[in-house]
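**Student:** Below is the file target-v2.cif, with mmCIF, C-alpha atoms.
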```cif
data_my_file
#
loop_
_atom_site.group_PDB
_atom_site.id
_atom_site.type_symbol
_atom_site.label_atom_id
_atom_site.label_comp_id
_atom_site.auth_asym_id
_atom_site.auth_seq_id
_atom_site.Cartn_x
_atom_site.Cartn_y
_atom_site.Cartn_z
ATOM 1 C CA MET A 947 -19.239 31.229 -14.728
ATOM 2 C CA ASN A 948 -18.436 29.441 -17.993
ATOM 3 C CA GLU A 949 -18.142 25.694 -18.385
ATOM 4 C CA ASP A 950 -14.397 25.693 -19.001
ATOM 5 C CA LEU A 951 -13.752 27.638 -15.808
ATOM 6 C CA LEU A 952 -15.968 25.302 -13.790
ATOM 7 C CA ARG A 953 -14.166 22.307 -15.250
ATOM 8 C CA GLY A 954 -10.817 23.862 -14.414
ATOM 9 C CA LEU A 955 -11.861 24.622 -10.831
ATOM 10 C CA HIS A 956 -13.244 21.108 -10.402
ATOM 11 C CA TRP A 957 -9.967 19.597 -11.564
ATOM 12 C CA ALA A 958 -7.988 21.991 -9.368
ATOM 13 C CA ALA A 959 -10.070 20.959 -6.342
ATOM 14 C CA LEU A 960 -9.382 17.285 -7.046
ATOM 15 C CA GLN A 961 -5.678 17.993 -7.437
ATOM 16 C CA PHE A 962 -5.611 19.957 -4.185
ATOM 17 C CA ILE A 963 -7.411 17.207 -2.245
ATOM 18 C CA VAL A 964 -5.073 14.550 -3.612
ATOM 19 C CA LEU A 965 -2.028 16.645 -2.718
ATOM 20 C CA VAL A 966 -3.245 17.178 0.859
ATOM 21 C CA LEU A 967 -3.922 13.457 1.303
ATOM 22 C CA CYS A 968 -0.603 12.388 -0.233
ATOM 23 C CA VAL A 969 1.382 14.838 1.877
ATOM 24 C CA ALA A 970 -0.487 13.715 5.010
ATOM 25 C CA LEU A 971 0.111 10.038 4.288
ATOM 26 C CA HIS A 972 3.776 10.787 3.647
ATOM 27 C CA GLU A 973 4.050 12.206 7.164
ATOM 28 C CA PHE A 974 1.995 9.331 8.558
ATOM 29 C CA GLY A 975 4.593 6.977 7.072
ATOM 30 C CA HIS A 976 7.292 8.689 9.121
ATOM 31 C CA ALA A 977 5.173 8.598 12.283
ATOM 32 C CA TRP A 978 4.081 4.963 11.883
ATOM 33 C CA THR A 979 7.630 3.718 11.388
ATOM 34 C CA ALA A 980 8.910 5.767 14.324
ATOM 35 C CA ASP A 981 6.172 4.260 16.475
ATOM 36 C CA ARG A 982 7.080 0.746 15.300
ATOM 37 C CA ARG A 983 10.737 1.423 16.098
ATOM 38 C CA GLY A 984 9.845 2.248 19.694
ATOM 39 C CA ASP A 985 9.894 6.046 19.529
ATOM 40 C CA PRO A 986 7.076 7.311 21.807
ATOM 41 C CA LEU A 987 7.127 10.943 20.659
ATOM 42 C CA PRO A 988 4.998 10.754 17.463
ATOM 43 C CA ARG A 989 2.195 8.886 19.246
ATOM 44 C CA ALA A 990 2.357 11.281 22.198
ATOM 45 C CA GLN A 991 1.942 14.183 19.755
ATOM 46 C CA GLY A 992 -0.992 12.527 17.985
ATOM 47 C CA ARG A 993 0.850 11.880 14.723
ATOM 48 C CA VAL A 994 0.222 8.122 14.412
ATOM 49 C CA THR A 995 -3.114 8.768 12.735
ATOM 50 C CA LEU A 996 -4.578 8.846 9.240
ATOM 51 C CA ASN A 997 -6.319 12.149 9.987
ATOM 52 C CA PRO A 998 -4.857 14.582 7.399
ATOM 53 C CA LEU A 999 -5.327 17.561 9.701
ATOM 54 C CA ALA A 1000 -2.865 16.068 12.200
ATOM 55 C CA HIS A 1001 -0.138 16.232 9.557
ATOM 56 C CA ALA A 1002 -1.050 19.454 7.762
ATOM 57 C CA ASP A 1003 1.051 22.596 7.822
ATOM 58 C CA PRO A 1004 -1.100 25.720 7.252
ATOM 59 C CA LEU A 1005 1.460 27.277 4.940
ATOM 60 C CA GLY A 1006 2.957 24.253 3.204
ATOM 61 C CA THR A 1007 -0.114 22.029 2.926
ATOM 62 C CA PHE A 1008 -2.872 24.552 2.323
ATOM 63 C CA LEU A 1009 -1.822 28.109 1.435
ATOM 64 C CA ILE A 1010 1.117 27.712 -0.970
ATOM 65 C CA PRO A 1011 -0.188 24.608 -2.814
ATOM 66 C CA GLY A 1012 -3.672 26.124 -2.898
ATOM 67 C CA LEU A 1013 -2.388 29.275 -4.571
ATOM 68 C CA MET A 1014 -0.270 27.281 -7.016
ATOM 69 C CA ILE A 1015 -3.222 25.073 -7.978
ATOM 70 C CA PHE A 1016 -6.208 27.433 -7.964
ATOM 71 C CA LEU A 1017 -4.670 30.630 -9.366
ATOM 72 C CA PRO A 1018 -3.750 28.988 -12.704
ATOM 73 C CA ALA A 1019 -7.263 27.523 -12.859
ATOM 74 C CA LEU A 1020 -8.694 31.022 -12.482
ATOM 75 C CA PHE A 1021 -6.229 33.147 -14.445
ATOM 76 C CA GLY A 1022 -4.265 30.797 -16.700
ATOM 77 C CA SER A 1023 -1.010 28.894 -16.266
ATOM 78 C CA PHE A 1024 1.890 30.359 -14.298
ATOM 79 C CA PRO A 1025 5.556 29.367 -14.692
ATOM 80 C CA VAL A 1026 5.800 27.940 -11.163
ATOM 81 C CA ALA A 1027 6.513 24.441 -9.865
ATOM 82 C CA LEU A 1028 3.954 22.883 -7.537
ATOM 83 C CA ILE A 1029 5.390 22.303 -4.098
ATOM 84 C CA GLY A 1030 3.878 21.325 -0.768
ATOM 85 C CA TRP A 1031 4.900 19.918 2.589
ATOM 86 C CA GLY A 1032 3.378 18.695 5.811
ATOM 87 C CA LYS A 1033 4.116 19.325 9.463
ATOM 88 C CA PRO A 1034 7.410 17.516 10.188
ATOM 89 C CA VAL A 1035 7.155 14.473 12.421
ATOM 90 C CA GLN A 1036 9.271 15.015 15.513
ATOM 91 C CA ILE A 1037 11.248 12.022 16.740
ATOM 92 C CA SER A 1038 13.351 11.382 19.847
ATOM 93 C CA LEU A 1039 15.270 8.235 18.765
ATOM 94 C CA PRO A 1040 15.495 6.895 22.334
ATOM 95 C CA ASN A 1041 17.450 3.718 21.505
ATOM 96 C CA ALA A 1042 21.107 4.749 21.308
ATOM 97 C CA LYS A 1043 22.197 1.402 19.828
ATOM 98 C CA THR A 1044 19.892 1.658 16.811
ATOM 99 C CA ARG A 1045 19.608 5.455 16.565
ATOM 100 C CA ARG A 1046 21.284 5.778 13.161
ATOM 101 C CA ALA A 1047 19.333 2.890 11.610
ATOM 102 C CA ASP A 1048 16.084 4.122 13.155
ATOM 103 C CA ASP A 1049 16.602 7.616 11.773
ATOM 104 C CA ILE A 1050 17.290 6.310 8.264
ATOM 105 C CA LEU A 1051 14.311 3.930 8.293
ATOM 106 C CA ILE A 1052 11.962 6.606 9.628
ATOM 107 C CA THR A 1053 13.252 9.069 7.049
ATOM 108 C CA LEU A 1054 12.807 6.708 4.103
ATOM 109 C CA SER A 1055 9.321 5.681 5.215
ATOM 110 C CA GLY A 1056 7.803 8.920 3.913
ATOM 111 C CA PRO A 1057 8.917 8.447 0.290
ATOM 112 C CA ALA A 1058 8.179 4.724 0.612
ATOM 113 C CA MET A 1059 4.582 5.564 1.534
ATOM 114 C CA ASN A 1060 4.242 7.691 -1.607
ATOM 115 C CA LEU A 1061 5.646 4.851 -3.722
ATOM 116 C CA LEU A 1062 3.110 2.468 -2.180
ATOM 117 C CA LEU A 1063 0.333 4.935 -2.963
ATOM 118 C CA ALA A 1064 1.607 5.233 -6.551
ATOM 119 C CA LEU A 1065 1.587 1.428 -6.791
ATOM 120 C CA PHE A 1066 -1.964 1.320 -5.435
ATOM 121 C CA GLY A 1067 -3.052 3.960 -7.931
ATOM 122 C CA ALA A 1068 -1.347 2.115 -10.800
ATOM 123 C CA VAL A 1069 -3.168 -1.103 -9.931
ATOM 124 C CA LEU A 1070 -6.505 0.731 -9.792
ATOM 125 C CA LEU A 1071 -5.725 2.447 -13.109
ATOM 126 C CA GLY A 1072 -4.965 -0.883 -14.745
ATOM 127 C CA ILE A 1073 -8.166 -2.421 -13.412
ATOM 128 C CA ALA A 1074 -10.165 0.622 -14.516
ATOM 129 C CA PHE A 1075 -8.773 0.432 -18.049
ATOM 130 C CA GLY A 1076 -9.209 -3.313 -18.240
ATOM 131 C CA ALA A 1077 -12.779 -3.286 -16.982
ATOM 132 C CA SER A 1078 -13.875 -0.005 -18.577
ATOM 133 C CA GLY A 1079 -16.014 -1.835 -21.121
ATOM 134 C CA THR A 1080 -18.225 -3.357 -18.440
ATOM 135 C CA LEU A 1081 -18.006 -0.920 -15.517
ATOM 136 C CA HIS A 1082 -18.897 2.242 -17.507
ATOM 137 C CA LEU A 1083 -16.665 4.441 -15.377
ATOM 138 C CA PRO A 1084 -16.819 8.266 -15.584
ATOM 139 C CA PRO A 1085 -14.282 9.627 -18.089
ATOM 140 C CA THR A 1086 -12.560 11.609 -15.314
ATOM 141 C CA THR A 1087 -11.575 8.343 -13.595
ATOM 142 C CA PHE A 1088 -8.558 7.780 -15.823
ATOM 143 C CA PRO A 1089 -6.936 11.249 -15.669
ATOM 144 C CA PHE A 1090 -7.647 11.337 -11.926
ATOM 145 C CA LEU A 1091 -5.865 8.029 -11.279
ATOM 146 C CA ALA A 1092 -3.037 9.044 -13.617
ATOM 147 C CA MET A 1093 -2.657 12.291 -11.638
ATOM 148 C CA PHE A 1094 -2.680 10.298 -8.373
ATOM 149 C CA VAL A 1095 0.102 8.028 -9.628
ATOM 150 C CA GLY A 1096 2.160 10.886 -11.052
ATOM 151 C CA MET A 1097 1.813 13.065 -7.956
ATOM 152 C CA ASN A 1098 2.914 10.296 -5.596
ATOM 153 C CA ALA A 1099 5.816 9.352 -7.835
ATOM 154 C CA GLY A 1100 6.826 13.024 -7.887
ATOM 155 C CA LEU A 1101 6.572 13.387 -4.107
ATOM 156 C CA ALA A 1102 8.648 10.262 -3.546
ATOM 157 C CA ILE A 1103 11.434 11.301 -5.913
ATOM 158 C CA PHE A 1104 11.350 14.935 -4.818
ATOM 159 C CA ASN A 1105 11.725 14.030 -1.153
ATOM 160 C CA LEU A 1106 14.720 11.819 -1.915
ATOM 161 C CA ILE A 1107 16.691 14.790 -3.261
ATOM 162 C CA PRO A 1108 19.634 15.234 -0.832
ATOM 163 C CA LEU A 1109 18.942 18.895 -0.093
ATOM 164 C CA PRO A 1110 17.762 20.104 3.333
ATOM 165 C CA PRO A 1111 15.134 19.825 4.590
ATOM 166 C CA LEU A 1112 14.065 17.002 2.249
ATOM 167 C CA ASP A 1113 14.243 13.393 3.419
ATOM 168 C CA GLY A 1114 17.200 12.589 1.207
ATOM 169 C CA SER A 1115 19.284 15.147 3.077
ATOM 170 C CA ARG A 1116 18.937 13.233 6.361
ATOM 171 C CA VAL A 1117 20.233 10.090 4.691
ATOM 172 C CA LEU A 1118 23.096 12.136 3.246
ATOM 173 C CA ARG A 1119 23.803 13.572 6.713
ATOM 174 C CA HIS A 1120 24.461 10.088 8.054
ATOM 175 C CA ALA A 1121 26.491 9.162 4.970
ATOM 176 C CA VAL A 1122 28.898 12.094 5.444
ATOM 177 C CA GLY A 1123 28.826 12.132 9.259
ATOM 178 C CA MET A 1124 27.342 15.628 9.616
ATOM 179 C CA SER A 1125 26.320 16.609 13.142
ATOM 180 C CA GLU A 1126 22.675 17.212 13.972
ATOM 181 C CA GLU A 1127 23.473 20.778 15.019
ATOM 182 C CA THR A 1128 25.113 21.619 11.681
ATOM 183 C CA PHE A 1129 22.293 19.991 9.775
ATOM 184 C CA ALA A 1130 19.691 21.940 11.761
ATOM 185 C CA LYS A 1131 21.434 25.236 10.983
ATOM 186 C CA ILE A 1132 21.502 24.458 7.256
ATOM 187 C CA ALA A 1133 17.894 23.255 7.167
ATOM 188 C CA ARG A 1134 16.399 26.087 9.233
ATOM 189 C CA ASN A 1135 15.487 28.315 6.287
ATOM 190 C CA ALA A 1136 16.120 25.850 3.496
ATOM 191 C CA TRP A 1137 12.455 25.615 2.428
ATOM 192 C CA TRP A 1138 12.573 29.161 1.096
ATOM 193 C CA ILE A 1139 15.871 28.498 -0.667
ATOM 194 C CA LEU A 1140 14.411 25.351 -2.204
ATOM 195 C CA LEU A 1141 11.267 27.176 -3.269
ATOM 196 C CA LEU A 1142 13.360 29.791 -5.050
ATOM 197 C CA ALA A 1143 15.551 27.100 -6.601
ATOM 198 C CA LEU A 1144 12.458 25.491 -8.071
ATOM 199 C CA ASN A 1145 11.100 28.663 -9.615
ATOM 200 C CA LEU A 1146 13.968 31.040 -10.416
ATOM 201 C CA PRO A 1147 14.397 31.535 -13.282
ATOM 202 C CA PRO A 1148 10.788 30.684 -14.239
ATOM 203 C CA GLY A 1149 10.560 26.990 -14.860
ATOM 204 C CA ASN A 1150 14.196 26.505 -13.752
ATOM 205 C CA PRO A 1151 15.349 24.418 -16.742
ATOM 206 C CA ILE A 1152 18.514 23.227 -14.944
ATOM 207 C CA PHE A 1153 16.588 21.790 -11.983
ATOM 208 C CA LEU A 1154 13.875 20.315 -14.198
ATOM 209 C CA ALA A 1155 16.469 18.753 -16.479
ATOM 210 C CA VAL A 1156 17.633 16.637 -13.534
ATOM 211 C CA PHE A 1157 14.424 16.213 -11.545
ATOM 212 C CA GLY A 1158 11.991 15.860 -14.465
ATOM 213 C CA PRO A 1159 13.472 12.688 -16.012
ATOM 214 C CA LEU A 1160 13.589 10.968 -12.612
ATOM 215 C CA VAL A 1161 9.908 11.662 -11.966
ATOM 216 C CA ARG A 1162 8.923 10.692 -15.508
ATOM 217 C CA GLY A 1163 10.941 7.500 -15.229
ATOM 218 C CA ALA A 1164 9.264 6.509 -11.956
ATOM 219 C CA ALA A 1165 5.786 7.381 -13.248
ATOM 220 C CA THR A 1166 6.427 5.507 -16.503
ATOM 221 C CA ALA A 1167 7.276 2.358 -14.538
ATOM 222 C CA PHE A 1168 3.959 2.542 -12.705
ATOM 223 C CA PHE A 1169 2.024 3.236 -15.913
ATOM 224 C CA PHE A 1170 3.741 0.239 -17.518
ATOM 225 C CA LEU A 1171 2.383 -1.860 -14.660
ATOM 226 C CA SER A 1172 -1.082 -0.412 -15.296
ATOM 227 C CA GLU A 1173 -0.877 -1.479 -18.941
ATOM 228 C CA LYS A 1174 0.108 -5.006 -17.955
ATOM 229 C CA ILE A 1175 -2.779 -5.243 -15.494
ATOM 230 C CA ALA A 1176 -5.231 -3.874 -18.060
ATOM 231 C CA GLY A 1177 -4.045 -6.563 -20.485
ATOM 232 C CA LEU A 1178 -5.197 -9.263 -18.084
ATOM 233 C CA PHE A 1179 -8.852 -8.392 -18.686
#
```
I'd like the structure from this file rewritten - as C-alpha cells, please.
**Tutor:**
Amino acid sequence: MNEDLLRGLHWAALQFIVLVLCVALHEFGHAWTADRRGDPLPRAQGRVTLNPLAHADPLGTFLIPGLMIFLPALFGSFPVALIGWGKPVQISLPNAKTRRADDILITLSGPAMNLLLALFGAVLLGIAFGASGTLHLPPTTFPFLAMFVGMNAGLAIFNLIPLPPLDGSRVLRHAVGMSEETFAKIARNAWWILLLALNLPPGNPIFLAVFGPLVRGAATAFFFLSEKIAGLF
C-alpha cells in the first residue's frame, strides 16, 4: 500500500470519527434539552448520554457516511455530497402549556450544539496557531481542527434548512401551523428525497449555490475568531 493511499485512509478515518461524534453530540443536544424541559422520554430511552452509540443510526451514521468518506479515499473523488444523520430523539412534550416552545427549543438545540462545537474548535485552532512556535504540534493538528470547525458549521447550517426531516422544518411547521400528522406524512421518506436533491445532478449546483455560501460564511466567522485568538500570543 503506497504512502499516498495510507495518508488518504488516515485522513478519511479521522473525518469519519469526527462526523460520528458531531452527529452524536447533535442528537445529545436534543435529548439534553428535552430532559431539562421536563420530558421524561429521552432519559427513559437512554438518550441523555454522551455515548455515541446511543445516538447512532446504522445507515445514516455509519454506512452511508462511511461509503462517502472511504470510497473516494480508495478510488478517487466522487461527485457526491457528504451527508449523515443520527437516530432521532423521540420526545413526548408532556407539558401542554409549553409544548410549542419546548418543541422549538429542543429542535434548535441540535444545531446549537454543533455551533458550540465549532466555537470550541475555533478556539483550539487559534490557540494552536498562536502557540505553534513553542508547542511543536504535529502538522495534521491544523487541518484536523479546521475540518472539525467546518464540519460542525456545515451540520448546524444544514440542519436549519426548512425541509423535512431536518430541524429547520419543525420550526417552519410551527410557523405555518402545520399539523403533526401532515408533517409526519411529508417527513416519512424525506431523507431519500433530500439525499437525491443533494446529489442529482452530480454536485447539484443549484443546491450548493444556496447552501455553500451559508456554510462558508459560518465557517469564515469561526476562522476569523481563530485568527484573533492566535494574534493574542
**Student:** Which of these, A:Leu1109, A:Ala977, A:Ala1164, A:Ile1073, has the shortest distance to Gly1177 (chain A) once you count only C-alpha atoms?
**Tutor:**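 Of all the options, A:Ile1073 lies closest to Gly1177 (chain A).
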**Student:** With all atoms listed in the file as the atoms that count, which of A:Gly954, A:Gly1056, A:Gly1158, A:Gly1163 lies nearest to Gly1022 (chain A)?
**Tutor:**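 So, comparing all the options, the nearest one is A:Gly954.
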**Student:** In Å, rounded to a single decimal, give me how far CA of Leu951 (chain A) is from CA of Leu1101 (chain A).
**Tutor:** 27.4 Å
**Student:** Identify which of the residues A:Ala1165, A:Ala980, A:Pro1004, A:Pro1110 lies closest to Leu1039 (chain A), counting all atoms listed in the file when measuring atom-to-atom distances.
**Tutor:**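 Using all atoms listed in the file, the shortest distance to Leu1039 (chain A) belongs to A:Ala980.
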**Student:** Can you tell me which residues surround Trp957 (chain A) at a distance of at most 12 Å, considering all atoms listed in the file, apart from same-chain residues fewer than 5 positions away, and format the answer as an NGL selection string?
**Tutor:** :A and (950-952 or 962-964 or 1015-1016 or 1018-1020 or 1086-1087 or 1089-1090 or 1093)
**Student:** Could you give me the axis-aligned bounding box of region 1084-1093 of chain A, with 6 Å of padding per side, as centre plus edge lengths in Å to one decimal, as JSON?
**Tutor:**
```
{"center_x": -9.7, "center_y": 10.0, "center_z": -14.7, "size_x": 26.2, "size_y": 16.5, "size_z": 18.8}
```
**Student:** Just the number, please: distance in Å from CA of Val1035 (chain A) to CA of Phe1157 (chain A), one decimal.
**Tutor:**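 Computing the Euclidean distance for CA of Val1035 (chain A) and CA of Phe1157 (chain A) yields 25.1 Å.
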**Student:** Output the residue selection produced by the PyMOL selection byres ((chain A and resi 1100) around 12) on the file above, formatted as a ChimeraX atom specification.
**Tutor:** /A:965,968-969,1027-1030,1057-1058,1060-1061,1063-1064,1093-1099,1101-1107,1154,1157-1166,1168
**Student:** If the PyMOL selection byres ((chain A and resi 971) around 9) were run on this exact file, what residues would it hold? Put them as a list in words.
**Tutor:**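 When the PyMOL selection byres ((chain A and resi 971) around 9) is applied, the selected residues are Val966, Leu967, Cys968, Val969, Ala970, His972, Glu973, Phe974, Gly975, His976, Leu996, Asn997, Pro998, His1001, Gly1056, Met1059, Asn1060 and Leu1063 of chain A.
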**Student:** For each of A:Leu1009, A:Ala1092, A:Ala1068, A:Ile1050, take the minimum atom-to-atom distance to Ala1121 (chain A), counting only C-alpha atoms, then give the residue where this is smallest.
**Tutor:**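 Using only C-alpha atoms, the shortest distance to Ala1121 (chain A) belongs to A:Ile1050.
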**Student:** So which one's closest to Gln1036 (chain A), A:Asp985, A:Glu1173, A:Glu1127, A:Glu949? Using only C-alpha atoms, please.
**Tutor:**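 Using only C-alpha atoms, the shortest distance to Gln1036 (chain A) belongs to A:Asp985.
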**Student:** Would you mind reading off the distance between CA of Leu1071 (chain A) and CA of Leu960 (chain A), one decimal, in Å?
**Tutor:**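 Here the two named atoms are 16.4 Å from each other.
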**Student:** Do a neighbour search on Val1117 (chain A) at 8 Å with only C-alpha atoms, toss out local chain neighbours closer than 2 positions, and write the hits as a PyMOL selection string.
**Tutor:** chain A and resi 1050+1053+1108+1113-1115+1119-1121
**Student:** Write the selection just made, keeping C-alpha atoms, as a PDB file, keeping the file's coordinate frame?
**Tutor:**
```pdb
ATOM      1  CA  ILE A1050      17.290   6.310   8.264  1.00  0.00           C
ATOM      2  CA  THR A1053      13.252   9.069   7.049  1.00  0.00           C
ATOM      3  CA  PRO A1108      19.634  15.234  -0.832  1.00  0.00           C
ATOM      4  CA  ASP A1113      14.243  13.393   3.419  1.00  0.00           C
ATOM      5  CA  GLY A1114      17.200  12.589   1.207  1.00  0.00           C
ATOM      6  CA  SER A1115      19.284  15.147   3.077  1.00  0.00           C
ATOM      7  CA  ARG A1119      23.803  13.572   6.713  1.00  0.00           C
ATOM      8  CA  HIS A1120      24.461  10.088   8.054  1.00  0.00           C
ATOM      9  CA  ALA A1121      26.491   9.162   4.970  1.00  0.00           C
TER      10      ALA A1121
END
```
**Student:** Measuring atom to atom with all atoms listed in the file, identify which of A:Met1124, A:Ala1176, A:Val1156, A:Leu1112 is nearest to Leu1070 (chain A).
**Tutor:**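 Result for the nearest residue to Leu1070 (chain A): A:Ala1176.
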